[in-house]
file run_27.cif (mmCIF, C-alpha atoms and all ligand atoms)
data_structure
#
loop_
_atom_site.label_atom_id
_atom_site.label_comp_id
_atom_site.auth_asym_id
_atom_site.auth_seq_id
_atom_site.Cartn_x
_atom_site.Cartn_y
_atom_site.Cartn_z
CA MET A 1 -5.76 29.29 14.80
CA SER A 2 -6.35 33.05 14.67
CA ALA A 3 -3.86 35.64 15.90
CA PHE A 4 -0.21 34.89 15.14
CA VAL A 5 3.19 36.46 14.62
CA PHE A 6 5.50 35.27 11.85
CA GLU A 7 9.11 36.38 11.49
CA THR A 8 11.85 35.42 9.07
CA ALA A 9 14.92 36.74 7.24
CA PRO A 10 14.22 39.73 4.97
CA LYS A 11 16.11 38.50 1.91
CA ILE A 12 16.75 35.10 0.31
CA VAL A 13 19.07 34.67 -2.69
CA CYS A 14 18.84 31.25 -4.37
CA GLU A 15 20.97 30.51 -7.42
CA GLN A 16 23.45 27.87 -8.51
CA GLY A 17 26.78 29.67 -8.16
CA ALA A 18 25.36 32.39 -5.88
CA ALA A 19 28.45 32.15 -3.64
CA LEU A 20 30.38 33.75 -6.52
CA LYS A 21 28.15 36.81 -6.16
CA LEU A 22 29.00 37.31 -2.50
CA GLY A 23 31.27 40.23 -3.37
CA GLU A 24 28.38 42.02 -5.00
CA ILE A 25 26.04 41.17 -2.12
CA ALA A 26 28.52 42.33 0.53
CA ARG A 27 29.32 45.56 -1.37
CA GLY A 28 25.60 46.20 -1.70
CA MET A 29 25.38 46.05 2.10
CA GLY A 30 28.29 48.53 2.39
CA LEU A 31 30.71 45.95 3.86
CA GLN A 32 34.49 46.36 3.62
CA GLN A 33 35.93 43.97 6.23
CA VAL A 34 34.00 40.73 6.52
CA PHE A 35 34.58 37.93 9.00
CA LEU A 36 33.84 34.55 7.40
CA VAL A 37 32.93 31.82 9.89
CA THR A 38 33.40 28.25 8.65
CA ASP A 39 35.07 24.95 9.49
CA ASP A 40 38.41 23.50 8.59
CA GLY A 41 36.97 20.60 6.55
CA LEU A 42 35.18 22.99 4.19
CA VAL A 43 38.29 25.14 3.73
CA LYS A 44 40.43 22.06 2.97
CA ALA A 45 37.81 20.73 0.53
CA GLY A 46 37.92 24.08 -1.30
CA VAL A 47 34.21 24.80 -0.64
CA THR A 48 35.00 28.31 0.65
CA ASP A 49 37.37 29.24 -2.22
CA GLY A 50 34.82 30.75 -4.60
CA ALA A 51 33.19 32.88 -1.92
CA VAL A 52 36.51 34.19 -0.61
CA SER A 53 37.87 35.12 -4.04
CA ALA A 54 34.57 36.71 -5.07
CA LEU A 55 34.71 38.94 -1.98
CA ARG A 56 38.37 39.88 -2.57
CA GLN A 57 37.76 40.61 -6.24
CA ALA A 58 35.02 43.00 -5.19
CA GLY A 59 37.49 44.81 -2.93
CA VAL A 60 36.09 43.41 0.31
CA ALA A 61 38.73 42.25 2.83
CA VAL A 62 38.02 38.75 4.18
CA HIS A 63 39.18 37.29 7.49
CA VAL A 64 38.53 33.55 7.51
CA PHE A 65 37.81 31.91 10.87
CA SER A 66 37.89 28.16 10.18
CA GLU A 67 38.01 26.84 13.74
CA VAL A 68 34.29 26.15 14.15
CA LEU A 69 33.69 22.87 16.00
CA ALA A 70 30.60 20.63 15.94
CA ASP A 71 28.25 21.44 18.83
CA PRO A 72 30.13 24.77 19.24
CA PRO A 73 31.77 25.06 22.67
CA GLU A 74 31.55 28.41 24.49
CA ALA A 75 35.34 28.88 24.22
CA SER A 76 35.26 28.49 20.45
CA VAL A 77 32.48 31.08 20.09
CA GLU A 78 34.33 33.45 22.40
CA SER A 79 37.56 33.16 20.45
CA ALA A 80 35.69 33.85 17.19
CA VAL A 81 34.11 36.95 18.75
CA ALA A 82 37.50 38.18 19.99
CA ARG A 83 39.02 37.65 16.53
CA ALA A 84 36.19 39.50 14.79
CA ARG A 85 36.68 42.41 17.18
CA SER A 86 40.43 42.47 16.70
CA VAL A 87 40.12 42.75 12.91
CA GLN A 88 37.33 45.34 13.28
CA ALA A 89 34.99 43.32 11.09
CA ASP A 90 32.03 45.29 9.78
CA GLY A 91 30.06 42.21 8.71
CA VAL A 92 29.85 38.46 9.33
CA ILE A 93 29.30 35.58 6.91
CA GLY A 94 28.42 32.09 8.17
CA LEU A 95 29.33 29.44 5.56
CA GLY A 96 28.80 25.82 6.54
CA GLY A 97 26.46 23.55 8.46
CA GLY A 98 24.44 24.39 11.56
CA SER A 99 27.53 24.82 13.77
CA SER A 100 29.16 27.41 11.49
CA MET A 101 25.91 29.34 11.06
CA ASP A 102 25.15 29.20 14.81
CA THR A 103 28.64 30.51 15.60
CA ALA A 104 28.30 33.26 12.95
CA LYS A 105 25.04 34.45 14.53
CA LEU A 106 26.71 34.94 17.90
CA VAL A 107 29.80 36.58 16.41
CA ALA A 108 27.61 39.10 14.60
CA LEU A 109 25.74 39.76 17.84
CA LEU A 110 28.58 39.86 20.36
CA ALA A 111 31.29 41.58 18.31
CA CYS A 112 29.59 44.94 18.68
CA THR A 113 27.69 44.86 21.96
CA PRO A 114 29.00 45.06 25.54
CA GLN A 115 26.98 41.93 26.42
CA HIS A 116 28.87 38.70 27.12
CA LEU A 117 27.81 35.30 25.77
CA THR A 118 26.66 34.07 29.18
CA GLU A 119 24.34 37.09 29.52
CA VAL A 120 22.36 36.31 26.37
CA TYR A 121 21.48 32.62 27.02
CA GLY A 122 17.70 32.35 27.02
CA VAL A 123 14.88 33.93 25.09
CA GLY A 124 14.96 37.59 24.08
CA LEU A 125 17.86 38.68 26.31
CA ALA A 126 20.14 39.95 23.53
CA ARG A 127 19.96 43.73 23.26
CA GLY A 128 22.01 44.19 20.12
CA PRO A 129 22.90 45.82 17.89
CA ARG A 130 24.60 43.24 15.75
CA LEU A 131 26.87 43.37 12.70
CA PRO A 132 25.31 42.76 9.26
CA LEU A 133 24.98 38.98 8.76
CA ILE A 134 24.90 36.73 5.69
CA GLN A 135 24.28 32.98 6.04
CA ILE A 136 25.18 30.31 3.46
CA PRO A 137 24.26 26.70 4.31
CA THR A 138 26.35 23.83 2.95
CA THR A 139 23.92 21.14 4.13
CA ALA A 140 20.19 20.92 3.43
CA GLY A 141 18.95 20.20 6.92
CA THR A 142 19.18 22.52 9.90
CA GLY A 143 17.49 25.53 8.33
CA SER A 144 19.70 27.53 10.69
CA GLU A 145 20.05 30.22 7.98
CA VAL A 146 16.48 31.30 8.77
CA THR A 147 16.07 30.47 12.47
CA PRO A 148 16.57 32.89 15.39
CA ILE A 149 18.31 30.28 17.55
CA SER A 150 21.96 29.48 18.27
CA ILE A 151 22.95 26.48 20.41
CA VAL A 152 26.21 26.48 22.38
CA THR A 153 27.82 23.77 24.57
CA THR A 154 28.90 25.08 27.99
CA PRO A 155 32.07 23.91 29.80
CA SER A 156 29.81 21.58 31.89
CA HIS A 157 28.63 19.93 28.61
CA GLU A 158 25.22 21.52 28.88
CA LYS A 159 23.53 22.81 25.72
CA LYS A 160 22.33 26.39 26.03
CA GLY A 161 20.39 28.36 23.47
CA VAL A 162 20.33 32.02 22.54
CA VAL A 163 16.97 32.91 21.02
CA SER A 164 16.48 36.39 19.60
CA PRO A 165 15.07 37.94 16.43
CA LEU A 166 18.49 39.64 16.15
CA LEU A 167 19.84 36.25 15.03
CA TYR A 168 17.90 36.26 11.76
CA PRO A 169 20.40 37.15 9.03
CA ASP A 170 20.05 40.08 6.65
CA VAL A 171 20.53 37.70 3.73
CA ALA A 172 20.36 33.91 3.37
CA VAL A 173 22.16 32.61 0.27
CA LEU A 174 21.33 29.17 -1.16
CA ASP A 175 23.93 27.84 -3.59
CA SER A 176 23.43 24.14 -4.32
CA LEU A 177 26.88 23.89 -5.97
CA LEU A 178 28.37 24.15 -2.46
CA THR A 179 26.53 20.96 -1.39
CA LEU A 180 27.53 18.65 -4.28
CA GLY A 181 30.32 16.95 -2.35
CA LEU A 182 28.22 16.02 0.69
CA PRO A 183 28.44 12.22 1.27
CA PRO A 184 25.21 10.14 0.92
CA ALA A 185 24.79 9.37 4.65
CA ILE A 186 25.09 13.04 5.67
CA THR A 187 22.80 14.10 2.82
CA ALA A 188 20.26 11.56 4.09
CA MET A 189 20.50 12.45 7.79
CA THR A 190 20.32 16.20 7.25
CA GLY A 191 17.51 15.78 4.70
CA VAL A 192 15.42 13.71 7.12
CA ASP A 193 16.03 16.33 9.84
CA ALA A 194 14.58 18.96 7.50
CA MET A 195 11.57 16.72 6.80
CA VAL A 196 10.99 16.35 10.54
CA HIS A 197 11.09 20.16 10.89
CA ALA A 198 8.30 20.39 8.32
CA ILE A 199 6.20 17.59 9.88
CA GLU A 200 6.54 18.85 13.46
CA ALA A 201 5.90 22.51 12.50
CA PHE A 202 2.72 21.41 10.71
CA THR A 203 1.43 19.51 13.72
CA SER A 204 2.73 21.90 16.41
CA ARG A 205 0.19 22.53 19.16
CA HIS A 206 1.92 25.76 20.12
CA LYS A 207 2.07 28.75 17.76
CA LYS A 208 0.68 26.77 14.83
CA ASN A 209 -0.02 29.36 12.11
CA PRO A 210 -1.13 29.36 8.46
CA VAL A 211 2.15 30.74 7.08
CA SER A 212 4.20 27.99 8.75
CA ASP A 213 1.61 25.45 7.55
CA ALA A 214 1.93 26.53 3.90
CA LEU A 215 5.73 26.50 4.11
CA ALA A 216 5.79 23.11 5.86
CA LEU A 217 3.57 21.49 3.20
CA GLN A 218 5.67 22.86 0.35
CA ALA A 219 8.90 21.97 2.17
CA LEU A 220 7.86 18.37 2.77
CA GLN A 221 6.77 17.99 -0.84
CA LEU A 222 10.16 19.21 -2.15
CA LEU A 223 12.18 17.17 0.33
CA TYR A 224 10.17 13.98 -0.25
CA GLN A 225 10.43 14.31 -4.03
CA HIS A 226 14.16 14.97 -4.14
CA ILE A 227 15.86 13.31 -1.17
CA ARG A 228 16.39 9.96 -2.90
CA THR A 229 18.07 11.60 -5.92
CA ALA A 230 20.22 13.82 -3.71
CA VAL A 231 21.34 10.78 -1.68
CA ASN A 232 21.93 8.45 -4.63
CA ASP A 233 23.32 10.99 -7.12
CA GLY A 234 25.09 13.64 -5.04
CA ARG A 235 26.27 15.64 -8.09
CA HIS A 236 22.66 16.31 -9.15
CA ALA A 237 22.65 20.11 -8.68
CA ASP A 238 18.90 20.51 -9.28
CA ALA A 239 17.94 17.90 -6.66
CA ARG A 240 20.44 19.54 -4.28
CA GLU A 241 18.85 22.93 -4.94
CA ARG A 242 15.36 21.62 -4.22
CA MET A 243 16.64 20.09 -0.98
CA LEU A 244 18.11 23.46 0.06
CA GLN A 245 14.81 25.18 -0.73
CA GLY A 246 12.89 22.55 1.24
CA SER A 247 15.24 22.86 4.19
CA LEU A 248 14.93 26.67 4.11
CA MET A 249 11.12 26.57 4.04
CA ALA A 250 11.01 23.97 6.82
CA GLY A 251 13.36 26.23 8.82
CA MET A 252 11.09 29.23 8.28
CA ALA A 253 8.12 27.10 9.36
CA PHE A 254 9.58 25.71 12.58
CA ALA A 255 11.20 29.01 13.57
CA ASN A 256 7.59 30.15 14.09
CA ALA A 257 5.77 26.87 14.95
CA PRO A 258 8.24 24.86 17.03
CA VAL A 259 9.21 21.18 16.77
CA ALA A 260 8.00 18.45 19.13
CA ALA A 261 8.44 14.82 20.30
CA VAL A 262 10.74 13.54 17.54
CA HIS A 263 13.26 16.23 18.49
CA ALA A 264 12.61 15.79 22.24
CA LEU A 265 13.39 12.06 21.99
CA ALA A 266 16.33 12.66 19.64
CA TYR A 267 18.18 15.04 21.98
CA PRO A 268 19.13 12.43 24.65
CA LEU A 269 20.60 10.22 21.88
CA GLY A 270 22.82 13.11 20.77
CA GLY A 271 23.66 14.05 24.37
CA HIS A 272 24.68 10.57 25.61
CA TYR A 273 25.85 8.86 22.44
CA HIS A 274 26.88 11.80 20.25
CA LEU A 275 24.79 10.51 17.36
CA PRO A 276 24.38 13.08 14.57
CA HIS A 277 21.20 15.12 15.07
CA GLY A 278 19.51 13.97 11.85
CA LEU A 279 20.24 10.30 12.58
CA SER A 280 18.80 10.64 16.11
CA ASN A 281 15.62 12.10 14.64
CA SER A 282 15.40 9.41 12.00
CA LEU A 283 15.77 6.56 14.50
CA VAL A 284 12.67 7.56 16.50
CA LEU A 285 10.63 9.09 13.65
CA ALA A 286 8.52 6.07 12.60
CA ALA A 287 7.61 5.16 16.19
CA VAL A 288 6.65 8.75 17.06
CA LEU A 289 4.48 9.04 13.94
CA ARG A 290 2.67 5.78 14.85
CA PHE A 291 2.23 7.06 18.42
CA ASN A 292 0.81 10.40 17.23
CA LEU A 293 -1.45 8.90 14.57
CA PRO A 294 -4.67 8.71 16.65
CA THR A 295 -4.56 12.45 17.54
CA ALA A 296 -2.82 13.79 14.42
CA GLN A 297 -4.93 11.92 11.84
CA SER A 298 -6.26 14.96 10.03
CA ALA A 299 -2.86 16.72 9.87
CA TYR A 300 -1.06 13.55 8.77
CA ALA A 301 -3.73 13.02 6.10
CA GLN A 302 -2.98 16.51 4.71
CA LEU A 303 0.77 15.80 4.75
CA GLY A 304 0.12 12.45 3.05
CA ARG A 305 -1.90 14.09 0.28
CA ALA A 306 0.87 16.70 -0.17
CA ILE A 307 3.50 14.05 -0.90
CA LEU A 308 1.49 11.22 -2.49
CA PRO A 309 -0.96 12.10 -5.31
CA GLU A 310 -2.58 8.65 -4.99
CA LEU A 311 -3.94 9.71 -1.57
CA HIS A 312 -5.87 12.72 -2.96
CA GLN A 313 -9.19 10.89 -3.01
CA SER A 314 -8.61 8.89 0.20
CA ASP A 315 -10.41 9.52 3.49
CA ASP A 316 -8.40 10.89 6.42
CA SER A 317 -7.79 7.54 8.06
CA THR A 318 -6.35 5.97 4.88
CA ALA A 319 -4.34 9.08 3.92
CA ALA A 320 -2.86 9.45 7.44
CA LYS A 321 -1.82 5.80 7.54
CA GLY A 322 -0.40 6.17 4.01
CA PHE A 323 1.68 9.13 5.22
CA VAL A 324 3.12 7.24 8.19
CA LYS A 325 3.96 4.27 5.94
CA ALA A 326 5.57 6.51 3.27
CA MET A 327 7.81 8.22 5.83
CA SER A 328 8.70 4.92 7.51
CA ASP A 329 9.60 3.36 4.13
CA LEU A 330 11.64 6.43 3.18
CA VAL A 331 13.84 6.42 6.29
CA ALA A 332 14.21 2.61 6.05
CA ALA A 333 15.86 3.10 2.63
CA MET A 334 18.44 5.60 3.90
CA PRO A 335 22.14 4.59 4.09
CA TYR A 336 22.69 4.67 7.85
CA PRO A 337 21.83 2.60 10.97
CA GLN A 338 18.14 1.69 11.13
CA SER A 339 17.61 0.92 14.80
CA LEU A 340 18.87 2.15 18.17
CA ARG A 341 20.61 -1.21 18.55
CA GLU A 342 22.42 -0.80 15.20
CA ALA A 343 23.42 2.73 16.21
CA GLY A 344 25.16 1.35 19.31
CA ILE A 345 22.58 2.27 21.96
CA ARG A 346 22.50 -0.07 24.99
CA GLN A 347 19.09 -1.55 25.82
CA GLU A 348 19.63 -0.99 29.54
CA ASP A 349 19.99 2.75 28.84
CA LEU A 350 16.47 3.14 27.42
CA PRO A 351 14.81 4.04 30.79
CA MET A 352 17.50 6.69 31.40
CA LEU A 353 16.99 8.10 27.88
CA ALA A 354 13.23 8.21 28.47
CA ARG A 355 13.71 10.14 31.73
CA ASP A 356 15.99 12.59 29.92
CA ALA A 357 13.50 13.04 27.09
CA MET A 358 10.84 13.99 29.64
CA ASN A 359 13.05 16.95 30.61
CA VAL A 360 12.63 18.39 27.12
CA GLN A 361 9.18 19.69 28.02
CA ARG A 362 9.71 22.89 25.99
CA LEU A 363 9.36 20.66 22.89
CA LEU A 364 7.04 17.94 24.24
CA VAL A 365 4.34 20.56 24.86
CA ASN A 366 4.19 21.12 21.08
CA ASN A 367 3.48 17.45 20.33
CA PRO A 368 -0.03 16.67 19.03
CA ARG A 369 -0.36 13.90 21.66
CA ASP A 370 0.70 14.11 25.32
CA VAL A 371 3.82 12.03 25.97
CA THR A 372 4.25 10.32 29.37
CA LEU A 373 7.40 8.66 30.68
CA ASP A 374 5.92 5.24 29.79
CA ASP A 375 5.13 6.48 26.26
CA ALA A 376 8.69 7.75 25.79
CA LEU A 377 10.09 4.39 26.92
CA ALA A 378 7.70 2.51 24.62
CA ILE A 379 8.81 4.66 21.66
CA TYR A 380 12.49 3.96 22.39
CA GLN A 381 11.71 0.23 22.76
CA ALA A 382 9.83 0.21 19.45
CA SER A 383 12.84 1.95 17.83
CA PHE A 384 15.41 -0.43 19.36
FE FE B 1 16.30 19.37 13.77
#
call {"tool": "encode", "arguments": {"input": "run_27.cif", "output": "structure tokens", "more": "lines below"}}
Ligand SMILES: [Fe+2]
result
Amino acid sequence: MSAFVFETAPKIVCEQGAALKLGEIARGMGLQQVFLVTDDGLVKAGVTDGAVSALRQAGVAVHVFSEVLADPPEASVESAVARARSVQADGVIGLGGGSSMDTAKLVALLACTPQHLTEVYGVGLARGPRLPLIQIPTTAGTGSEVTPISIVTTPSHEKKGVVSPLLYPDVAVLDSLLTLGLPPAITAMTGVDAMVHAIEAFTSRHKKNPVSDALALQALQLLYQHIRTAVNDGRHADARERMLQGSLMAGMAFANAPVAAVHALAYPLGGHYHLPHGLSNSLVLAAVLRFNLPTAQSAYAQLGRAILPELHQSDDSTAAKGFVKAMSDLVAAMPYPQSLREAGIRQEDLPMLARDAMNVQRLLVNNPRDVTLDDALAIYQASF
């Protein structure tokens, strides 16, 4: 570890009730016509109300686009871009989960450049400029508010990514009051996803760097300490706030030190069975950690000591095993399916899933231990 580059969003605002200050924030950025990208469920649940009225009270016109869909299809992104252009938006706000924030990134980018969506798929192809962008997560999981990536589903059901530093927002706003209504299962799935971001960033073989390491350690500590309270007592605003902070730090970490085998093996489960991303990660997590243990012992020992004070005096072997056990016990206590079988996966599909996972080489190369086709199959079998 020597030379490295670290990028992130320039400004983070974290405060309970921060959404009510959006008017002030937007005015401070000189915005007069903002385009707010969200989903219908959040509008109906009233989660967007405070933000919208705060903007209007500050004299900022708001155009609400609430047609964001999960796994945003190209057509939905394109219609949002067209709408933002037609109202001559001078700024974009993403308010929601990963899909809303991913759509907001592309609206901010494509509403003021001649480039078309299909021209910017890939790494570093967006030329910009983009409209000013504010991101407000309503789940503590994706970290999308501080990542330079947006994932879109093409008409042929392929997932394509736009990766560009232009997709970092100008401001990320964390307001835990917006997350109080999140049901326990979604809180758990998204929280575990964030924990996996921290773990995989910390053990990434590619682009591992000391800033991501520090953020990943702190993120995992916060998430481990507070996930049970957030799941079991959803109205606990402080636990929710710590989860948002953990998710943000894990996002900053993995935006610069990318994720690995847990995500690579999770993607085929999402692709073929439409399992939620966090659940897919959780289902393979324990088996991947056990698989990685021989090569990741020292890193897992450090993660173990970060979350469990009783491991401070332990040698690496004991601390690493303690870490794998602690994470396995944690996910086993979460309120959602605990095995691939329980999640509805067919045993005869495991070889096909393993072949698909091997196609996610861009992530597998970051894993601390090389993963072969047989290894991938064995991990799915152990998770079945
Ligand atoms: Fe993830």
call {"tool": "residues_near_ligand", "arguments": {"input": "run_27.cif", "ligand": "ligand FE 1 (chain B)", "cutoff": "7 Å", "atoms": "all atoms listed in the file", "output": "NGL selection string"}}
result
:A and (142 or 193-194 or 196-197 or 263 or 277-278)
call {"tool": "closest_residue", "arguments": {"input": "run_27.cif", "among": "A:Asn292, A:Ser79, A:Ser328, A:Ser176", "to": "Thr203 in chain A", "atoms": "only C-alpha atoms"}}
result
A:Asn292
call {"tool": "atom_distance", "arguments": {"input": "run_27.cif", "atom1": "CA of Ala26 in chain A", "atom2": "CA of Leu55 in chain A"}}
result
7.5 Å
call {"tool": "atom_distance", "arguments": {"input": "run_27.cif", "atom1": "CA of Asn256 in chain A", "atom2": "CA of Thr103 in chain A"}}
result
21.1 Å
call {"tool": "residues_around", "arguments": {"input": "run_27.cif", "residues": "range 339-350 of chain A", "least_positions_apart": "5", "cutoff": "10 Å", "atoms": "only C-alpha atoms", "output": "compact mmCIF listing (two decimals) with C-alpha atoms, keeping the file's coordinate frame"}}
result
# COMPACT_ATOMS: atom_id res chain seq x y z
CA LEU A 269 20.60 10.22 21.88
CA HIS A 272 24.68 10.57 25.61
CA TYR A 273 25.85 8.86 22.44
CA LEU A 275 24.79 10.51 17.36
CA LEU A 279 20.24 10.30 12.58
CA SER A 280 18.80 10.64 16.11
CA SER A 282 15.40 9.41 12.00
CA LEU A 283 15.77 6.56 14.50
CA VAL A 284 12.67 7.56 16.50
CA ALA A 332 14.21 2.61 6.05
CA ARG A 355 13.71 10.14 31.73
CA ASP A 356 15.99 12.59 29.92
CA ALA A 376 8.69 7.75 25.79
CA LEU A 377 10.09 4.39 26.92
CA ALA A 378 7.70 2.51 24.62
CA ILE A 379 8.81 4.66 21.66
CA TYR A 380 12.49 3.96 22.39
CA GLN A 381 11.71 0.23 22.76
CA ALA A 382 9.83 0.21 19.45
CA SER A 383 12.84 1.95 17.83
CA PHE A 384 15.41 -0.43 19.36
call {"tool": "atom_distance", "arguments": {"input": "run_27.cif", "atom1": "CA of Lys208 in chain A", "atom2": "CA of Ala257 in chain A"}}
result
5.1 Å
call {"tool": "closest_residue", "arguments": {"input": "run_27.cif", "among": "A:Ile227, A:Leu353, A:Ala19, A:Ser204", "to": "Val331 in chain A", "atoms": "all atoms listed in the file"}}
result
A:Ile227
call {"tool": "residues_around", "arguments": {"input": "run_27.cif", "residues": "range 154-168 of chain A", "least_positions_apart": "6", "cutoff": "8 Å", "atoms": "only C-alpha atoms", "output": "list in words"}}
result
Glu7, Thr8, Ala9, Pro73, Glu74, Lys105, Leu106, Leu109, Val120, Tyr121, Gly122, Val123, Gly124, Leu125, Ala126, Gly128, Pro129, Arg130, Glu145, Val146, Thr147 and Pro148 of chain A
call {"tool": "closest_residue", "arguments": {"input": "run_27.cif", "among": "A:Ala219, A:Ala320, A:Met189, A:Ala82", "to": "Ala201 in chain A", "atoms": "all atoms listed in the file"}}
result
A:Ala219
call {"tool": "closest_residue", "arguments": {"input": "run_27.cif", "among": "A:Gln115, A:Thr138, A:Asn232, A:Gln221", "to": "Pro309 in chain A", "atoms": "all atoms listed in the file"}}
result
A:Gln221
call {"tool": "closest_residue", "arguments": {"input": "run_27.cif", "among": "A:Thr153, A:Asn367, A:Val173, A:His236", "to": "Thr295 in chain A", "atoms": "all atoms listed in the file"}}
result
A:Asn367
call {"tool": "closest_residue", "arguments": {"input": "run_27.cif", "among": "A:Gln297, A:Thr187, A:Gln218, A:Ser314", "to": "Met249 in chain A", "atoms": "all atoms listed in the file"}}
result
A:Gln218
call {"tool": "decode", "arguments": {"input": "run_27.cif", "residues": "range 28-42 of chain A", "atoms": "N, CA, C and O atoms", "output": "short mmCIF file (atom, residue, chain, number, x, y, z; two decimals), in the first residue's frame"}}
result
data_model
loop_
_atom_site.label_atom_id
_atom_site.label_comp_id
_atom_site.auth_asym_id
_atom_site.auth_seq_id
_atom_site.Cartn_x
_atom_site.Cartn_y
_atom_site.Cartn_z
N GLY A 28 -28.42 28.30 -0.72
CA GLY A 28 -26.98 28.52 -0.59
C GLY A 28 -26.21 28.11 -1.84
O GLY A 28 -25.12 28.62 -2.10
N MET A 29 -26.79 27.16 -2.60
CA MET A 29 -26.15 26.73 -3.84
C MET A 29 -26.65 27.54 -5.03
O MET A 29 -26.29 27.26 -6.18
N GLY A 30 -27.53 28.52 -4.77
CA GLY A 30 -28.03 29.39 -5.84
C GLY A 30 -29.14 28.75 -6.66
O GLY A 30 -29.43 29.18 -7.78
N LEU A 31 -29.82 27.71 -6.13
CA LEU A 31 -30.83 27.00 -6.91
C LEU A 31 -32.20 27.68 -6.80
O LEU A 31 -32.58 28.16 -5.73
N GLN A 32 -32.94 27.66 -7.95
CA GLN A 32 -34.27 28.26 -7.94
C GLN A 32 -35.36 27.30 -8.43
O GLN A 32 -36.53 27.48 -8.15
N GLN A 33 -34.93 26.29 -9.22
CA GLN A 33 -35.90 25.35 -9.82
C GLN A 33 -35.32 23.95 -9.62
O GLN A 33 -34.54 23.49 -10.44
N VAL A 34 -35.68 23.28 -8.54
CA VAL A 34 -35.05 21.97 -8.34
C VAL A 34 -35.97 20.83 -8.79
O VAL A 34 -37.20 20.94 -8.74
N PHE A 35 -35.34 19.77 -9.21
CA PHE A 35 -36.02 18.57 -9.69
C PHE A 35 -35.75 17.48 -8.66
O PHE A 35 -34.61 17.07 -8.46
N LEU A 36 -36.82 17.08 -7.94
CA LEU A 36 -36.66 16.12 -6.84
C LEU A 36 -37.02 14.72 -7.32
O LEU A 36 -38.14 14.48 -7.77
N VAL A 37 -36.04 13.82 -7.26
CA VAL A 37 -36.21 12.46 -7.80
C VAL A 37 -36.45 11.50 -6.64
O VAL A 37 -35.61 11.38 -5.74
N THR A 38 -37.62 10.83 -6.67
CA THR A 38 -37.98 9.96 -5.55
C THR A 38 -38.91 8.85 -6.06
O THR A 38 -39.10 8.71 -7.26
N ASP A 39 -39.46 8.06 -5.13
CA ASP A 39 -40.42 7.04 -5.59
C ASP A 39 -41.79 7.28 -4.95
O ASP A 39 -41.93 7.98 -3.95
N ASP A 40 -42.76 6.65 -5.59
CA ASP A 40 -44.15 6.86 -5.23
C ASP A 40 -44.45 6.47 -3.77
O ASP A 40 -45.20 7.16 -3.08
N GLY A 41 -43.83 5.37 -3.32
CA GLY A 41 -44.06 4.88 -1.96
C GLY A 41 -43.67 5.94 -0.93
O GLY A 41 -44.38 6.16 0.06
N LEU A 42 -42.55 6.59 -1.16
CA LEU A 42 -42.07 7.61 -0.21
C LEU A 42 -42.99 8.83 -0.21
O LEU A 42 -43.27 9.42 0.83
#
